[in-house]
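K.L.:
Would you mind keeping the following structure in view while I ask a few things?
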Amino acid sequence: MCSANKASLVVSYLHLSTSVPTLAIWVADAPGPMLELFDKVAQEVTLTLFRNYDQIQPQIHVRVKDLPIVDSLRDLRAMHLTALVKVTGVVTRRTPVFPQLQMVKFNCAKCGFLMGPFYQNGDKEVDPGSCPECQSNGPFRLNVKQTLYRNYQRITVQESPGSVPAGRVPRQKDVILLHDLINVCRPGEEVEVTGVFESNYDASLNSQQGFPVFHTVIKANHVKKNQGKMSDSISDDDIKAIRKLSKNPIISQMIFNSMAPSICGHENIKKAL
């Protein structure tokens, strides 16, 4: 990690379960506080070995890979909340990178007293309450210079076409990428996401349902792109057949006819697809 100037220390869950089984159990059942402790210890060890490494990477994060159990997106339930899960799917959407508040400081608009730091956890906005200097309830202004931000990005992962049961609609789930995980994948790529399955309060969803319902997301800890090897699955006979079809003068019409063969007509739509 340090030789490549990276901020992520990748740890295999299989190695962790073999060397320290107790830690492996706690990481799977309570990944939130455990990963925070792992990041803190990794930061201390890194600074012990390389004292000026914080000038290259201000934070070190432990990434857990090789989780033995792979859960389907349609099988995630309440029992998986706050647990470490691993899912696979295709990225269908990726948002731009946004700055998210990590450590906030406020200035009182009446007396100018500096309040904080307040650490931002989750999607709930930090409320300083009252000013300890003049005891006023606001207004408060965000101190932009002393506030720390972190990179935030959201992607949507959908079930792979081959894993969807016949006659079912593919399920999808939002995945939150933080810190150095941003832009690690692009839409159209098949990924393997390991992260914490969390729930967030969604006011719009509650107004539609009429009773308290929570929106679930996966806070990613490790993302791995599945690189398909198409050349290994193509035989010599397949290569000969492909070359023979390439010389066919009506190959384009054959491709159009092969799309949705059970639907008659709509040739212009098939050509556009």
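How things are named: the first chain in the structure tokens is A, the next is B, and so on; residues count from 1 in each chain; ligands count from 1 in the order shown.
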For the strand (DSSP E or B) assignment from backbone DSSP, which residues of segment 57-138 of chain A qualify? Please present them as a ChimeraX atom specification.
P.N.:
/A:61-65,84-94,98-108,114-119
K.L.:
Once you have the residues from the selection above, write them out as a short mmCIF file (atom, residue, chain, number, x, y, z; two decimals), in the first residue's frame, restricted to N, CA and C atoms.
P.N.:
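Saved the output as again36.cif:
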```cif
data_model
loop_
_atom_site.label_atom_id
_atom_site.label_comp_id
_atom_site.auth_asym_id
_atom_site.auth_seq_id
_atom_site.Cartn_x
_atom_site.Cartn_y
_atom_site.Cartn_z
N HIS A 61 -7.69 3.50 5.16
CA HIS A 61 -8.92 2.73 5.29
C HIS A 61 -8.62 1.25 5.02
N VAL A 62 -9.18 0.40 5.86
CA VAL A 62 -9.02 -1.05 5.71
C VAL A 62 -10.18 -1.57 4.87
N ARG A 63 -9.86 -2.27 3.79
CA ARG A 63 -10.86 -2.84 2.89
C ARG A 63 -10.87 -4.36 3.04
N VAL A 64 -12.06 -4.91 3.24
CA VAL A 64 -12.21 -6.35 3.45
C VAL A 64 -12.69 -6.98 2.15
N LYS A 65 -11.96 -7.99 1.68
CA LYS A 65 -12.34 -8.70 0.47
C LYS A 65 -12.48 -10.20 0.79
N LEU A 84 -22.22 -7.09 7.39
CA LEU A 84 -21.35 -7.03 6.22
C LEU A 84 -21.88 -7.99 5.16
N VAL A 85 -22.16 -7.48 3.97
CA VAL A 85 -22.72 -8.29 2.90
C VAL A 85 -21.85 -8.14 1.65
N LYS A 86 -21.98 -9.11 0.76
CA LYS A 86 -21.30 -9.05 -0.54
C LYS A 86 -22.31 -9.37 -1.63
N VAL A 87 -22.44 -8.47 -2.61
CA VAL A 87 -23.38 -8.63 -3.71
C VAL A 87 -22.63 -8.41 -5.02
N THR A 88 -23.22 -8.94 -6.08
CA THR A 88 -22.67 -8.76 -7.43
C THR A 88 -23.77 -8.21 -8.32
N GLY A 89 -23.36 -7.48 -9.33
CA GLY A 89 -24.32 -6.92 -10.27
C GLY A 89 -23.64 -6.01 -11.27
N VAL A 90 -24.46 -5.39 -12.09
CA VAL A 90 -23.98 -4.50 -13.14
C VAL A 90 -24.30 -3.06 -12.75
N VAL A 91 -23.34 -2.18 -12.90
CA VAL A 91 -23.54 -0.76 -12.60
C VAL A 91 -24.38 -0.13 -13.71
N THR A 92 -25.52 0.42 -13.34
CA THR A 92 -26.41 1.05 -14.32
C THR A 92 -26.39 2.58 -14.26
N ARG A 93 -25.97 3.13 -13.14
CA ARG A 93 -25.97 4.60 -13.00
C ARG A 93 -24.87 5.02 -12.04
N ARG A 94 -24.26 6.17 -12.33
CA ARG A 94 -23.22 6.72 -11.46
C ARG A 94 -23.37 8.23 -11.39
N PHE A 98 -19.51 14.41 -5.19
CA PHE A 98 -19.95 15.55 -4.39
C PHE A 98 -19.10 15.63 -3.12
N PRO A 99 -18.88 16.85 -2.61
CA PRO A 99 -18.22 16.97 -1.30
C PRO A 99 -19.24 16.78 -0.17
N GLN A 100 -18.98 15.86 0.72
CA GLN A 100 -19.87 15.59 1.85
C GLN A 100 -19.20 16.05 3.14
N LEU A 101 -20.00 16.64 4.03
CA LEU A 101 -19.46 17.11 5.30
C LEU A 101 -18.97 15.94 6.14
N GLN A 102 -17.78 16.09 6.67
CA GLN A 102 -17.21 15.07 7.55
C GLN A 102 -17.01 15.61 8.97
N MET A 103 -16.43 16.79 9.08
CA MET A 103 -16.25 17.45 10.37
C MET A 103 -16.64 18.92 10.19
N VAL A 104 -17.63 19.39 10.95
CA VAL A 104 -18.24 20.69 10.73
C VAL A 104 -17.93 21.62 11.89
N LYS A 105 -17.73 22.89 11.57
CA LYS A 105 -17.60 23.95 12.56
C LYS A 105 -18.51 25.10 12.17
N PHE A 106 -19.13 25.72 13.18
CA PHE A 106 -20.07 26.81 12.95
C PHE A 106 -19.60 28.07 13.67
N ASN A 107 -20.01 29.21 13.14
CA ASN A 107 -19.81 30.51 13.77
C ASN A 107 -21.18 31.09 14.14
N CYS A 108 -21.29 31.57 15.37
CA CYS A 108 -22.52 32.21 15.81
C CYS A 108 -22.64 33.57 15.11
N LEU A 114 -16.83 30.49 17.73
CA LEU A 114 -16.59 29.31 16.91
C LEU A 114 -17.01 28.06 17.67
N MET A 115 -17.93 27.31 17.12
CA MET A 115 -18.43 26.08 17.76
C MET A 115 -18.00 24.87 16.95
N GLY A 116 -17.69 23.81 17.67
CA GLY A 116 -17.30 22.57 17.00
C GLY A 116 -15.98 22.06 17.52
N PRO A 117 -15.50 20.97 16.95
CA PRO A 117 -16.04 20.33 15.74
C PRO A 117 -17.20 19.38 16.01
N PHE A 118 -18.12 19.28 15.02
CA PHE A 118 -19.21 18.33 15.03
C PHE A 118 -18.97 17.33 13.90
N TYR A 119 -18.99 16.05 14.23
CA TYR A 119 -18.71 15.01 13.24
C TYR A 119 -20.01 14.53 12.61
#
```
K.L.:
Of the candidates A:Asp71, A:Glu190, A:Glu198, A:Glu125, which one gets nearest to Gln227 of chain A if we count only C-alpha atoms?
P.N.:
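Smallest separation from Gln227 of chain A among the options: A:Glu190.
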K.L.:
I'd like the neighbourhood of Asn200 of chain A as a PDB file with all heavy atoms, in the first residue's frame, where a residue qualifies if any of its atoms comes within 7 Å (using only C-alpha atoms), though same-chain residues fewer than 4 positions away should be ignored.
P.N.:
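Saved to result23.pdb:
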```pdb
ATOM      1  N   PHE A 214     -38.215   2.557   5.663  1.00  0.00           N
ATOM      2  CA  PHE A 214     -36.834   3.021   5.544  1.00  0.00           C
ATOM      3  C   PHE A 214     -36.262   2.596   4.195  1.00  0.00           C
ATOM      4  O   PHE A 214     -36.563   1.506   3.696  1.00  0.00           O
ATOM      5  CB  PHE A 214     -35.973   2.458   6.680  1.00  0.00           C
ATOM      6  CG  PHE A 214     -36.301   3.051   8.023  1.00  0.00           C
ATOM      7  CD1 PHE A 214     -37.313   2.512   8.804  1.00  0.00           C
ATOM      8  CD2 PHE A 214     -35.618   4.144   8.498  1.00  0.00           C
ATOM      9  CE1 PHE A 214     -37.629   3.046  10.028  1.00  0.00           C
ATOM     10  CE2 PHE A 214     -35.916   4.697   9.726  1.00  0.00           C
ATOM     11  CZ  PHE A 214     -36.925   4.147  10.495  1.00  0.00           C
ATOM     12  N   HIS A 215     -35.454   3.476   3.653  1.00  0.00           N
ATOM     13  CA  HIS A 215     -34.762   3.218   2.390  1.00  0.00           C
ATOM     14  C   HIS A 215     -33.406   2.578   2.691  1.00  0.00           C
ATOM     15  O   HIS A 215     -32.645   3.092   3.517  1.00  0.00           O
ATOM     16  CB  HIS A 215     -34.577   4.520   1.607  1.00  0.00           C
ATOM     17  CG  HIS A 215     -33.798   4.364   0.352  1.00  0.00           C
ATOM     18  ND1 HIS A 215     -34.260   3.664  -0.739  1.00  0.00           N
ATOM     19  CD2 HIS A 215     -32.566   4.816   0.000  1.00  0.00           C
ATOM     20  CE1 HIS A 215     -33.373   3.687  -1.698  1.00  0.00           C
ATOM     21  NE2 HIS A 215     -32.326   4.389  -1.276  1.00  0.00           N
ATOM     22  N   THR A 216     -33.112   1.467   2.056  1.00  0.00           N
ATOM     23  CA  THR A 216     -31.884   0.723   2.338  1.00  0.00           C
ATOM     24  C   THR A 216     -30.835   1.002   1.266  1.00  0.00           C
ATOM     25  O   THR A 216     -31.148   1.130   0.080  1.00  0.00           O
ATOM     26  CB  THR A 216     -32.149  -0.783   2.408  1.00  0.00           C
ATOM     27  OG1 THR A 216     -32.763  -1.227   1.187  1.00  0.00           O
ATOM     28  CG2 THR A 216     -33.063  -1.109   3.573  1.00  0.00           C
TER      29      THR A 216
END
```
K.L.:
If you run DSSP over the backbone, which residues in segment 13-97 of chain A end up helix (DSSP H, G or I)? Put them as a VMD selection string.
P.N.:
chain A and resid 13 to 19 21 to 29 31 to 49 53 to 55 73 to 75 78 to 80
K.L.:
Check the smallest atom-to-atom distance from each of A:Cys2, A:Lys225, A:Ile218, A:Val169 to Val45 of chain A using only C-alpha atoms, then report the winner.
P.N.:
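Of all the options, A:Cys2 lies closest to Val45 of chain A.
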K.L.:
Just give me the gap between atom CA of Cys111 of chain A and atom CA of Leu148 of chain A in Å, one decimal is fine.
P.N.:
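One can read the atom CA of Cys111 of chain A to atom CA of Leu148 of chain A distance as 23.1 Å.
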K.L.:
Residues near segment 15-23 of chain A, anyone? I mean within 12 Å using only C-alpha atoms, not counting same-chain ones fewer than 6 positions away, as a list in words.
P.N.:
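Non-adjacent residues within range: Asp29, Ala30, Pro31, Pro33, Met34, Leu35, Leu37, Phe38, Val64, Lys65, Asp66, Leu67 and Pro68 of chain A.
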K.L.:
Please report the interatomic distance between atom CA of Ser72 of chain A and atom CA of Glu159 of chain A in Å with one decimal.
P.N.:
8.0 Å
K.L.:
Using only C-alpha atoms, which residues sit within 12 Å of Ser8 of chain A once same-chain residues fewer than 5 positions away are excluded, as a PyMOL selection string?
P.N.:
chain A and resi 1-3+38-39+42-43+46+57-65+178-181+221-223
